[in-house]
>>> print(open('start.cif').read())   # mmCIF, C-alpha atoms
data_run
loop_
_atom_site.label_atom_id
_atom_site.label_comp_id
_atom_site.auth_asym_id
_atom_site.auth_seq_id
_atom_site.Cartn_x
_atom_site.Cartn_y
_atom_site.Cartn_z
CA MET A 1 69.25 7.83 122.47
CA GLY A 2 69.66 8.29 118.76
CA PHE A 3 67.54 9.20 115.78
CA SER A 4 65.90 5.76 115.55
CA ASP A 5 64.52 6.11 119.10
CA TYR A 6 62.80 9.35 118.15
CA PHE A 7 61.43 8.42 114.75
CA ALA A 8 58.06 6.81 115.47
CA VAL A 9 57.81 4.31 112.58
CA TRP A 10 61.45 3.28 112.54
CA ASP A 11 60.69 -0.39 113.23
CA LYS A 12 58.18 -0.52 110.39
CA MET A 13 60.78 0.41 107.77
CA THR A 14 62.99 -1.91 105.77
CA PRO A 15 66.73 -1.81 106.65
CA GLU A 16 67.44 -0.32 103.23
CA ARG A 17 65.06 2.60 103.90
CA GLN A 18 66.38 3.02 107.43
CA ASN A 19 69.89 3.33 106.02
CA ARG A 20 68.83 5.73 103.31
CA ILE A 21 67.43 8.06 105.97
CA LEU A 22 70.29 7.57 108.45
CA GLY A 23 72.82 8.29 105.73
CA SER A 24 71.21 11.62 104.88
CA ILE A 25 70.34 13.26 108.22
CA ALA A 26 72.19 16.09 109.86
CA SER A 27 71.78 17.25 113.43
CA ARG A 28 71.61 20.86 114.54
CA LYS A 29 71.45 22.89 117.72
CA VAL A 30 69.73 26.27 117.48
CA LYS A 31 69.43 28.91 120.19
CA LYS A 32 66.08 30.21 121.34
CA GLY A 33 64.52 32.95 119.22
CA VAL A 34 65.86 31.98 115.79
CA ILE A 35 63.66 31.79 112.69
CA ILE A 36 64.51 28.46 111.07
CA GLN A 37 61.91 28.49 108.33
CA ASN A 38 60.82 31.71 106.71
CA GLY A 39 57.63 31.23 104.74
CA GLY A 40 57.52 28.93 101.77
CA GLU A 41 60.63 29.70 99.77
CA GLU A 42 62.84 27.11 101.40
CA CYS A 43 62.26 23.41 101.49
CA SER A 44 65.09 22.57 103.80
CA GLY A 45 63.82 19.28 105.14
CA LEU A 46 61.74 17.67 107.86
CA LEU A 47 62.78 18.41 111.41
CA LEU A 48 62.65 15.72 114.08
CA ILE A 49 62.93 17.40 117.46
CA LYS A 50 65.28 15.92 120.02
CA SER A 51 64.70 18.60 122.63
CA GLY A 52 63.35 22.11 122.83
CA GLN A 53 60.30 23.85 121.41
CA LEU A 54 59.28 25.31 118.03
CA ARG A 55 56.48 27.70 117.19
CA ALA A 56 54.78 27.66 113.80
CA TYR A 57 53.00 30.86 112.90
CA MET A 58 51.41 32.71 110.04
CA LEU A 59 52.58 36.17 108.98
CA SER A 60 50.35 38.76 107.36
CA PRO A 61 51.66 40.96 104.53
CA GLU A 62 51.84 43.74 107.14
CA GLY A 63 53.92 41.65 109.53
CA ARG A 64 51.16 40.68 111.96
CA GLU A 65 51.46 37.19 113.44
CA ILE A 66 49.24 34.42 114.73
CA THR A 67 50.52 31.23 116.35
CA LEU A 68 49.27 28.08 114.62
CA TYR A 69 50.77 25.39 116.85
CA ARG A 70 53.86 24.37 118.81
CA LEU A 71 56.17 21.40 118.28
CA PHE A 72 57.95 19.55 121.06
CA GLU A 73 60.35 16.66 121.66
CA ARG A 74 59.70 13.75 119.25
CA ASP A 75 57.49 15.87 116.99
CA LEU A 76 58.20 15.81 113.28
CA CYS A 77 57.89 19.16 111.51
CA LEU A 78 56.47 18.63 108.00
CA PHE A 79 55.99 22.18 106.86
CA SER A 80 59.68 22.99 106.72
CA ALA A 81 59.59 20.57 103.77
CA SER A 82 56.36 21.50 102.08
CA CYS A 83 57.80 20.49 98.71
CA ILE A 84 57.25 16.83 99.67
CA MET A 85 53.61 17.27 98.64
CA LYS A 86 52.34 19.37 95.79
CA SER A 87 49.02 20.06 97.56
CA ILE A 88 50.65 21.94 100.44
CA GLN A 89 49.88 25.43 99.21
CA PHE A 90 50.58 27.59 102.22
CA ASP A 91 53.49 29.07 104.08
CA VAL A 92 54.33 28.94 107.73
CA THR A 93 57.15 30.57 109.61
CA ILE A 94 58.91 28.49 112.25
CA GLU A 95 61.04 29.76 115.11
CA THR A 96 62.73 28.23 118.13
CA GLU A 97 60.99 29.18 121.37
CA LYS A 98 63.62 27.43 123.47
CA ASP A 99 67.14 26.23 122.70
CA THR A 100 66.33 23.37 120.35
CA GLU A 101 68.16 20.32 119.08
CA PHE A 102 66.85 18.51 116.04
CA TRP A 103 67.68 16.29 113.11
CA ILE A 104 67.04 17.40 109.54
CA ILE A 105 65.85 14.81 107.04
CA PRO A 106 66.37 16.14 103.49
CA ALA A 107 63.01 16.63 101.78
CA GLU A 108 63.83 14.53 98.69
CA VAL A 109 65.03 11.57 100.80
CA TYR A 110 61.90 11.59 102.97
CA LYS A 111 59.70 12.00 99.91
CA GLY A 112 61.32 8.99 98.25
CA VAL A 113 60.82 6.78 101.30
CA MET A 114 57.26 8.00 101.85
CA GLU A 115 56.28 7.21 98.27
CA GLU A 116 57.47 3.61 98.64
CA SER A 117 56.51 2.83 102.22
CA ALA A 118 52.87 2.58 103.35
CA PRO A 119 53.81 2.84 107.07
CA VAL A 120 55.80 6.04 106.50
CA ALA A 121 53.03 7.49 104.31
CA ASN A 122 50.39 6.66 106.93
CA TYR A 123 52.55 8.08 109.70
CA THR A 124 52.93 11.30 107.68
CA ASN A 125 49.16 11.31 107.27
CA GLU A 126 48.63 11.11 111.03
CA ILE A 127 51.05 13.99 111.58
CA MET A 128 49.28 16.12 109.02
CA ALA A 129 45.91 15.26 110.56
CA ALA A 130 47.22 16.26 114.00
CA ARG A 131 48.41 19.66 112.72
CA PHE A 132 45.16 20.06 110.80
CA SER A 133 43.23 19.40 114.03
CA GLU A 134 45.21 22.09 115.84
CA VAL A 135 44.47 24.60 113.10
CA MET A 136 40.76 23.72 113.15
CA TRP A 137 40.76 24.29 116.90
CA LEU A 138 42.34 27.67 116.20
CA ILE A 139 39.55 28.61 113.77
CA GLU A 140 37.00 27.76 116.46
CA GLN A 141 38.85 30.00 118.87
CA ILE A 142 39.09 32.89 116.42
CA MET A 143 35.51 32.59 115.24
CA TRP A 144 33.50 31.85 118.35
CA LYS A 145 35.58 32.78 121.38
CA SER A 146 35.91 36.27 122.81
CA MET A 147 39.40 37.69 123.28
CA ASP A 148 39.24 37.66 127.12
CA LYS A 149 38.81 33.87 127.09
CA ARG A 150 41.59 33.48 124.53
CA VAL A 151 44.04 35.59 126.56
CA ALA A 152 43.15 33.67 129.75
CA GLY A 153 43.64 30.34 127.94
CA PHE A 154 46.93 31.47 126.43
CA LEU A 155 48.38 32.54 129.82
CA LEU A 156 47.49 29.16 131.34
CA GLU A 157 49.00 27.29 128.37
CA GLU A 158 52.21 29.31 128.65
CA SER A 159 52.36 28.71 132.36
CA ALA A 160 52.06 24.95 131.80
CA LEU A 161 54.72 24.99 129.05
CA GLU A 162 57.19 27.07 131.06
CA GLY A 163 56.47 25.44 134.42
CA THR A 164 56.10 28.80 136.16
CA GLU A 165 53.47 31.37 137.03
CA GLN A 166 55.92 34.22 136.36
CA LEU A 167 55.69 34.59 132.58
CA LYS A 168 58.24 36.60 130.64
CA LEU A 169 55.91 37.99 128.02
CA THR A 170 55.31 41.46 126.69
CA HIS A 171 51.84 42.54 125.63
CA GLU A 172 53.20 42.58 122.09
CA ASN A 173 54.29 38.91 122.41
CA ILE A 174 50.82 37.90 123.50
CA ALA A 175 49.20 39.90 120.69
CA ASN A 176 51.46 38.14 118.16
CA HIS A 177 50.47 34.72 119.44
CA LEU A 178 46.78 35.50 119.25
CA GLY A 179 46.77 37.54 116.06
CA THR A 180 45.43 40.70 117.65
CA HIS A 181 46.69 44.19 118.50
CA ARG A 182 48.82 45.07 121.51
CA GLU A 183 46.22 47.57 122.74
CA VAL A 184 43.58 44.85 122.95
CA VAL A 185 45.88 42.68 125.06
CA THR A 186 46.86 45.57 127.33
CA ARG A 187 43.21 46.38 128.00
CA MET A 188 42.47 42.74 128.79
CA LEU A 189 45.47 42.29 131.10
CA ARG A 190 44.61 45.46 133.02
CA TYR A 191 41.13 44.14 133.54
CA PHE A 192 42.54 40.79 134.73
CA GLN A 193 44.83 42.68 137.10
CA SER A 194 41.98 44.75 138.51
CA GLU A 195 40.16 41.47 139.20
CA GLY A 196 43.20 40.01 140.97
CA MET A 197 43.81 37.28 138.39
CA VAL A 198 47.26 38.49 137.29
CA SER A 199 49.90 40.94 138.42
CA LEU A 200 51.72 43.01 135.79
CA THR A 201 55.24 44.37 135.76
CA ARG A 202 57.35 45.48 132.81
CA GLY A 203 57.86 42.48 130.51
CA THR A 204 56.20 39.98 132.85
CA VAL A 205 52.75 38.68 133.67
CA LYS A 206 52.38 36.82 136.94
CA ILE A 207 49.41 34.51 137.34
CA MET A 208 47.78 35.15 140.73
CA ASP A 209 44.54 33.17 140.41
CA ALA A 210 44.88 30.33 137.94
CA GLU A 211 41.53 28.87 138.95
CA ARG A 212 39.59 31.96 137.95
CA LEU A 213 41.54 32.25 134.70
CA ARG A 214 40.68 28.60 134.00
CA SER A 215 36.99 29.10 134.62
CA LEU A 216 37.05 32.20 132.38
CA ALA A 217 38.88 30.35 129.60
CA ASP A 218 36.61 27.31 129.73
CA HIS A 219 33.20 28.97 129.75
CA MET B 1 31.92 6.12 83.41
CA GLY B 2 32.15 4.10 86.58
CA PHE B 3 33.81 4.33 89.99
CA SER B 4 37.25 3.39 88.65
CA ASP B 5 37.24 6.36 86.27
CA TYR B 6 36.66 8.73 89.17
CA PHE B 7 39.03 7.24 91.74
CA ALA B 8 42.38 8.90 91.02
CA VAL B 9 44.81 6.16 92.06
CA TRP B 10 42.79 3.22 90.72
CA ASP B 11 45.53 2.09 88.33
CA LYS B 12 48.10 2.08 91.13
CA MET B 13 46.19 -0.48 93.18
CA THR B 14 46.49 -4.27 93.02
CA PRO B 15 43.47 -6.11 91.54
CA GLU B 16 42.76 -7.60 94.99
CA ARG B 17 42.50 -4.12 96.56
CA GLN B 18 40.48 -2.82 93.62
CA ASN B 19 38.02 -5.66 94.15
CA ARG B 20 37.87 -5.14 97.89
CA ILE B 21 36.82 -1.53 97.31
CA LEU B 22 34.48 -2.29 94.39
CA GLY B 23 32.76 -4.98 96.43
CA SER B 24 31.99 -2.60 99.29
CA ILE B 25 30.87 0.65 97.69
CA ALA B 26 27.33 1.91 97.48
CA SER B 27 26.08 4.73 95.30
CA ARG B 28 23.64 7.41 96.41
CA LYS B 29 21.75 10.35 94.97
CA VAL B 30 20.93 13.16 97.37
CA LYS B 31 18.85 16.25 96.68
CA LYS B 32 20.23 19.74 97.19
CA GLY B 33 20.11 21.06 100.76
CA VAL B 34 20.50 17.82 102.71
CA ILE B 35 22.95 17.45 105.59
CA ILE B 36 24.81 14.22 104.92
CA GLN B 37 27.34 14.43 107.74
CA ASN B 38 26.42 15.99 111.05
CA GLY B 39 29.56 16.73 113.06
CA GLY B 40 31.77 13.93 114.27
CA GLU B 41 29.42 11.27 115.60
CA GLU B 42 29.09 9.35 112.38
CA CYS B 43 31.85 7.74 110.42
CA SER B 44 29.79 6.72 107.47
CA GLY B 45 32.52 6.45 104.88
CA LEU B 46 34.45 8.37 102.27
CA LEU B 47 32.42 10.03 99.57
CA LEU B 48 33.64 10.09 95.98
CA ILE B 49 31.60 12.66 94.09
CA LYS B 50 30.23 11.73 90.68
CA SER B 51 28.35 14.98 90.14
CA GLY B 52 27.06 17.87 92.19
CA GLN B 53 28.53 19.99 94.98
CA LEU B 54 29.10 19.61 98.71
CA ARG B 55 29.82 22.25 101.33
CA ALA B 56 31.88 21.48 104.43
CA TYR B 57 31.34 23.88 107.29
CA MET B 58 31.97 24.36 110.97
CA LEU B 59 29.14 24.92 113.44
CA SER B 60 29.51 26.88 116.66
CA PRO B 61 27.78 25.71 119.85
CA GLU B 62 25.27 28.53 119.21
CA GLY B 63 24.55 27.36 115.67
CA ARG B 64 26.65 29.90 113.79
CA GLU B 65 28.31 28.62 110.63
CA ILE B 66 31.42 29.21 108.57
CA THR B 67 32.15 27.54 105.24
CA LEU B 68 35.48 25.68 105.22
CA TYR B 69 35.57 24.46 101.61
CA ARG B 70 33.52 22.99 98.79
CA LEU B 71 33.83 19.62 97.09
CA PHE B 72 33.07 18.96 93.44
CA GLU B 73 33.02 16.17 90.85
CA ARG B 74 35.90 13.70 91.37
CA ASP B 75 36.68 15.04 94.85
CA LEU B 76 37.02 12.54 97.66
CA CYS B 77 35.52 13.62 100.99
CA LEU B 78 37.69 12.34 103.85
CA PHE B 79 36.03 13.97 106.81
CA SER B 80 32.84 11.99 106.54
CA ALA B 81 35.11 9.12 107.63
CA SER B 82 37.28 10.78 110.23
CA CYS B 83 37.62 7.46 112.09
CA ILE B 84 40.13 6.35 109.43
CA MET B 85 42.77 8.34 111.32
CA LYS B 86 43.00 8.75 115.05
CA SER B 87 44.60 12.20 114.72
CA ILE B 88 41.56 13.75 113.04
CA GLN B 89 40.18 15.49 116.11
CA PHE B 90 37.62 17.85 114.69
CA ASP B 91 34.11 17.81 113.35
CA VAL B 92 32.76 19.18 110.13
CA THR B 93 29.22 19.29 108.87
CA ILE B 94 28.64 18.45 105.21
CA GLU B 95 25.62 19.33 103.12
CA THR B 96 24.67 19.04 99.47
CA GLU B 97 24.61 22.43 97.75
CA LYS B 98 23.33 20.94 94.50
CA ASP B 99 21.68 17.62 93.70
CA THR B 100 24.62 15.31 94.22
CA GLU B 101 25.52 11.79 93.18
CA PHE B 102 28.32 10.00 94.97
CA TRP B 103 29.77 6.66 95.95
CA ILE B 104 30.35 5.74 99.59
CA ILE B 105 33.44 3.73 100.46
CA PRO B 106 33.02 2.22 103.93
CA ALA B 107 35.56 3.71 106.35
CA GLU B 108 36.99 0.37 107.51
CA VAL B 109 37.51 -0.88 103.94
CA TYR B 110 39.31 2.29 102.89
CA LYS B 111 41.37 2.28 106.08
CA GLY B 112 42.46 -1.30 105.43
CA VAL B 113 43.54 -0.53 101.87
CA MET B 114 45.27 2.71 102.88
CA GLU B 115 47.31 0.95 105.56
CA GLU B 116 48.63 -1.58 103.04
CA SER B 117 49.03 0.54 99.93
CA ALA B 118 51.62 3.33 99.69
CA PRO B 119 49.95 4.90 96.61
CA VAL B 120 46.55 5.07 98.37
CA ALA B 121 48.15 6.44 101.55
CA ASN B 122 50.04 9.10 99.57
CA TYR B 123 46.92 9.99 97.63
CA THR B 124 45.05 10.42 100.92
CA ASN B 125 47.90 12.61 102.09
CA GLU B 126 47.58 14.86 99.05
CA ILE B 127 43.83 15.21 99.63
CA MET B 128 44.35 16.12 103.26
CA ALA B 129 47.05 18.64 102.30
CA ALA B 130 44.67 20.20 99.76
CA ARG B 131 41.91 20.60 102.38
CA PHE B 132 44.49 21.87 104.88
CA SER B 133 45.60 24.48 102.34
CA GLU B 134 42.02 25.67 101.88
CA VAL B 135 41.58 26.02 105.62
CA MET B 136 44.87 27.94 105.94
CA TRP B 137 43.64 30.28 103.21
CA LEU B 138 40.47 30.75 105.25
CA ILE B 139 42.48 31.72 108.35
CA GLU B 140 44.30 34.34 106.30
CA GLN B 141 40.96 35.69 105.13
CA ILE B 142 39.49 35.79 108.63
CA MET B 143 42.57 37.28 110.23
CA TRP B 144 43.84 39.83 107.77
CA LYS B 145 41.04 40.67 105.35
CA SER B 146 38.23 43.12 106.00
CA MET B 147 34.66 41.93 105.62
CA ASP B 148 33.90 44.08 102.55
CA LYS B 149 36.64 42.29 100.60
CA ARG B 150 35.44 38.90 101.84
CA VAL B 151 31.81 39.59 100.80
CA ALA B 152 32.96 40.83 97.38
CA GLY B 153 35.14 37.73 96.92
CA PHE B 154 32.34 35.41 98.01
CA LEU B 155 29.83 36.92 95.54
CA LEU B 156 32.28 36.48 92.66
CA GLU B 157 33.05 32.89 93.71
CA GLU B 158 29.32 32.07 93.89
CA SER B 159 28.75 33.65 90.51
CA ALA B 160 31.50 31.51 88.99
CA LEU B 161 30.15 28.32 90.65
CA GLU B 162 26.55 28.98 89.60
CA GLY B 163 27.36 30.36 86.17
CA THR B 164 25.07 33.36 86.64
CA GLU B 165 25.17 36.92 87.93
CA GLN B 166 21.71 36.54 89.49
CA LEU B 167 22.51 34.84 92.81
CA LYS B 168 19.78 33.25 94.90
CA LEU B 169 21.22 34.08 98.30
CA THR B 170 19.72 35.63 101.40
CA HIS B 171 21.86 37.87 103.60
CA GLU B 172 21.62 35.10 106.21
CA ASN B 173 23.09 32.59 103.70
CA ILE B 174 26.05 34.84 103.03
CA ALA B 175 26.61 35.45 106.74
CA ASN B 176 26.64 31.67 107.34
CA HIS B 177 29.25 31.13 104.66
CA LEU B 178 31.51 33.83 106.06
CA GLY B 179 30.96 33.21 109.76
CA THR B 180 29.55 36.64 110.48
CA HIS B 181 26.20 38.20 111.41
CA ARG B 182 23.39 38.95 108.99
CA GLU B 183 23.42 42.65 109.93
CA VAL B 184 27.05 42.96 108.87
CA VAL B 185 26.28 41.45 105.47
CA THR B 186 23.19 43.64 105.00
CA ARG B 187 25.20 46.77 105.70
CA MET B 188 27.88 45.69 103.25
CA LEU B 189 25.44 44.78 100.47
CA ARG B 190 23.60 48.10 100.83
CA TYR B 191 26.89 49.90 100.47
CA PHE B 192 27.72 47.80 97.36
CA GLN B 193 24.28 48.66 95.97
CA SER B 194 24.75 52.39 96.59
CA GLU B 195 28.00 52.12 94.64
CA GLY B 196 26.29 50.34 91.74
CA MET B 197 28.19 47.08 92.20
CA VAL B 198 25.13 44.93 92.98
CA SER B 199 21.36 45.18 92.81
CA LEU B 200 19.31 43.70 95.68
CA THR B 201 15.86 42.17 95.66
CA ARG B 202 14.28 39.81 98.17
CA GLY B 203 16.35 36.62 98.29
CA THR B 204 18.64 37.59 95.41
CA VAL B 205 21.80 39.54 94.81
CA LYS B 206 22.51 40.54 91.22
CA ILE B 207 26.07 41.42 90.29
CA MET B 208 26.09 44.65 88.25
CA ASP B 209 29.80 45.47 88.16
CA ALA B 210 31.94 42.36 88.53
CA GLU B 211 35.09 44.26 87.65
CA ARG B 212 34.77 46.65 90.57
CA LEU B 213 33.91 43.80 92.93
CA ARG B 214 37.02 42.00 91.71
CA SER B 215 39.27 44.96 92.32
CA LEU B 216 37.76 45.39 95.79
CA ALA B 217 38.24 41.70 96.62
CA ASP B 218 41.82 41.57 95.38
CA HIS B 219 43.27 44.69 97.00
#
>>> encode(input="start.cif", output="structure tokens")
Amino acid sequence: MGFSDYFAVWDKMTPERQNRILGSIASRKVKKGVIIQNGGEECSGLLLIKSGQLRAYMLSPEGREITLYRLFERDLCLFSASCIMKSIQFDVTIETEKDTEFWIIPAEVYKGVMEESAPVANYTNEIMAARFSEVMWLIEQIMWKSMDKRVAGFLLEESALEGTEQLKLTHENIANHLGTHREVVTRMLRYFQSEGMVSLTRGTVKIMDAERLRSLADH
Amino acid sequence: MGFSDYFAVWDKMTPERQNRILGSIASRKVKKGVIIQNGGEECSGLLLIKSGQLRAYMLSPEGREITLYRLFERDLCLFSASCIMKSIQFDVTIETEKDTEFWIIPAEVYKGVMEESAPVANYTNEIMAARFSEVMWLIEQIMWKSMDKRVAGFLLEESALEGTEQLKLTHENIANHLGTHREVVTRMLRYFQSEGMVSLTRGTVKIMDAERLRSLADH
């Protein structure tokens, strides 16, 4: 399986545009835990993920974090190439959450193709709308949902992503995903533990009662 | 000045597409304070603003509000036609903040043109990126900025939009813009008043020291 199998609108492009992109891409393998895009200074290119997992997050001036969304196999990461559109006026930081393999499409090549090709432009539009939707969901969470529900939801999401109930997560990790303080997370997890929903050991959270966590997260 | 003077990529469209859009638009005048898009049920069309001001906001299940962004003359409102893209998975409510005149482009007509025309698709992309940037700015505000700075910034923004220092705003109005509770706003405004930055009367907030509000908002 090559690049063309992963790039969703490949068949809607002219051969000339296909070749222009194929002739410019590079492929990379990056270990888990590496920051591959640090704010807005770089405009390294769009990333098309072959395997692995990326996390996009926002950093405060004081170094606090909040997770915006995750990217998985076949996802195209636009915001590592924010120079393709002048109206993208924000910075995200992107790190590998698992060992990740991806292709890089240089920003100027993609921009050139997008400006000529309606299918590529509309595809880019759909991707942006999908990320926008995830960020709007996040605002709803931040604004209207109490932190206990957000922690419960996060643990279940992690469990689904990792395929295990034994999560390797520090309280600090969880706080950084949710944009809160470690102390808040610790208090919440201790309460969950006292209710038999999780079991805590150093550096891990084990889900003991996923059903109750789910009903807490959903209501 | 007609529709074509307000629609930014008019000159980049073929005459056939120009006519398709011109033949479908309707123009409307709506008084201040009317909700013209109520969440996601409708997909009435894109609004191109001739004059006036719209506010896009998010509503919680309990009826709390937070302002996402404003739209002004020449802005194109996409999210009153969220059916043009399947990846737009969120609802916004849109109301007129001033008497507003706009054209409506039916969603299916715009969608048809956008799918064929790279310039229209790229223009739509830029608009979405601009709204996305405003929402990302909002997340930064919510996450990292204390409420006193947000209230100060909001009063200055309102003053600039209205062209006056005598703002007709209840504490409830301000709370709805910022997604907080009236009591929080009242406490903040009383503190501002005690410091000589504003003067409060029923239903109005008068800015007395814009410079100090500015330095509070910016630091």
>>> resolve_selection(input="start.cif", expression="the PyMOL selection byres ((chain A) within 8 of (chain B))", output="VMD selection string")
chain A and resid 60 85 to 90 114 to 119 121 to 122 124 to 130 132 to 133 135 to 137 139 to 140 143 to 144 179
>>> atom_distance(input="start.cif", atom1="atom CA of A:Leu200", atom2="atom CA of A:Asn176")
18.3 Å
>>> resolve_selection(input="start.cif", expression="the PyMOL selection byres ((chain A and resi 167) around 10)", output="number ranges by chain")
A: 155-156, 158-159, 162-166, 168-170, 200, 203-207
>>> resolve_selection(input="start.cif", expression="the PyMOL selection byres ((chain B and resi 80) around 9)", output="list in words")
Ile36, Gln37, Asn38, Gly39, Gly40, Glu42, Cys43, Ser44, Gly45, Leu46, Leu47, Cys77, Leu78, Phe79, Ala81, Ser82, Cys83, Val92, Thr93, Ile94 and Ala107 of chain B
>>> atom_distance(input="start.cif", atom1="atom CA of A:Glu101", atom2="atom CA of A:Gln53")
8.9 Å
>>> residues_near_point(input="start.cif", point="(74.4, 12.7, 103.1)", cutoff="12 Å", atoms="only C-alpha atoms", output="list in words")
Asn19, Arg20, Ile21, Leu22, Gly23, Ser24, Ile25, Ala26, Ser27, Ile104, Ile105, Pro106, Glu108 and Val109 of chain A
>>> closest_residue(input="start.cif", among="A:Trp103, A:Ala160, A:Val30, A:Glu97", to="A:Tyr6", atoms="all atoms listed in the file")
A:Trp103
>>> atom_distance(input="start.cif", atom1="atom CA of A:Gly153", atom2="atom CA of A:Val184")
15.3 Å
>>> closest_residue(input="start.cif", among="B:Arg190, B:Arg74, B:Lys32, B:Lys98", to="B:Ala8", atoms="all atoms listed in the file")
B:Arg74
>>> residues_around(input="start.cif", residues="stretch 171-175 of chain B", least_positions_apart="5", cutoff="7 Å", atoms="all atoms listed in the file", output="ChimeraX atom specification")
/B:180-182,185-186
>>> decode(input="start.cif", residues="stretch 88-99 of chain A", atoms="N, CA, C and O atoms", output="PDB file, in the first residue's frame")
ATOM      1  N   ILE A  88      -5.393  31.037   8.461  1.00  0.00           N
ATOM      2  CA  ILE A  88      -5.088  30.194   9.626  1.00  0.00           C
ATOM      3  C   ILE A  88      -4.175  30.984  10.544  1.00  0.00           C
ATOM      4  O   ILE A  88      -2.990  31.144  10.279  1.00  0.00           O
ATOM      5  N   GLN A  89      -4.771  31.541  11.583  1.00  0.00           N
ATOM      6  CA  GLN A  89      -4.052  32.470  12.460  1.00  0.00           C
ATOM      7  C   GLN A  89      -3.938  31.897  13.861  1.00  0.00           C
ATOM      8  O   GLN A  89      -4.309  32.542  14.837  1.00  0.00           O
ATOM      9  N   PHE A  90      -3.507  30.653  13.954  1.00  0.00           N
ATOM     10  CA  PHE A  90      -3.332  30.075  15.288  1.00  0.00           C
ATOM     11  C   PHE A  90      -2.256  29.004  15.210  1.00  0.00           C
ATOM     12  O   PHE A  90      -1.937  28.520  14.126  1.00  0.00           O
ATOM     13  N   ASP A  91      -1.735  28.671  16.364  1.00  0.00           N
ATOM     14  CA  ASP A  91      -0.647  27.708  16.426  1.00  0.00           C
ATOM     15  C   ASP A  91      -1.082  26.466  17.180  1.00  0.00           C
ATOM     16  O   ASP A  91      -1.729  26.571  18.210  1.00  0.00           O
ATOM     17  N   VAL A  92      -0.715  25.321  16.657  1.00  0.00           N
ATOM     18  CA  VAL A  92      -0.888  24.096  17.429  1.00  0.00           C
ATOM     19  C   VAL A  92       0.455  23.395  17.522  1.00  0.00           C
ATOM     20  O   VAL A  92       1.336  23.598  16.691  1.00  0.00           O
ATOM     21  N   THR A  93       0.585  22.607  18.582  1.00  0.00           N
ATOM     22  CA  THR A  93       1.772  21.782  18.738  1.00  0.00           C
ATOM     23  C   THR A  93       1.338  20.351  18.460  1.00  0.00           C
ATOM     24  O   THR A  93       0.239  19.949  18.820  1.00  0.00           O
ATOM     25  N   ILE A  94       2.191  19.607  17.761  1.00  0.00           N
ATOM     26  CA  ILE A  94       1.811  18.248  17.379  1.00  0.00           C
ATOM     27  C   ILE A  94       2.901  17.289  17.819  1.00  0.00           C
ATOM     28  O   ILE A  94       4.083  17.508  17.550  1.00  0.00           O
ATOM     29  N   GLU A  95       2.484  16.218  18.524  1.00  0.00           N
ATOM     30  CA  GLU A  95       3.469  15.222  18.943  1.00  0.00           C
ATOM     31  C   GLU A  95       2.982  13.822  18.586  1.00  0.00           C
ATOM     32  O   GLU A  95       1.785  13.580  18.436  1.00  0.00           O
ATOM     33  N   THR A  96       3.926  12.910  18.455  1.00  0.00           N
ATOM     34  CA  THR A  96       3.578  11.508  18.228  1.00  0.00           C
ATOM     35  C   THR A  96       3.187  10.889  19.564  1.00  0.00           C
ATOM     36  O   THR A  96       3.896  11.011  20.550  1.00  0.00           O
ATOM     37  N   GLU A  97       2.030  10.214  19.572  1.00  0.00           N
ATOM     38  CA  GLU A  97       1.602   9.512  20.789  1.00  0.00           C
ATOM     39  C   GLU A  97       1.927   8.028  20.715  1.00  0.00           C
ATOM     40  O   GLU A  97       1.856   7.316  21.715  1.00  0.00           O
ATOM     41  N   LYS A  98       2.188   7.566  19.488  1.00  0.00           N
ATOM     42  CA  LYS A  98       2.681   6.209  19.265  1.00  0.00           C
ATOM     43  C   LYS A  98       3.787   6.324  18.227  1.00  0.00           C
ATOM     44  O   LYS A  98       3.920   7.379  17.589  1.00  0.00           O
ATOM     45  N   ASP A  99       4.553   5.271  18.018  1.00  0.00           N
ATOM     46  CA  ASP A  99       5.490   5.278  16.888  1.00  0.00           C
ATOM     47  C   ASP A  99       4.654   5.540  15.637  1.00  0.00           C
ATOM     48  O   ASP A  99       3.634   4.877  15.429  1.00  0.00           O
TER      49      ASP A  99
END
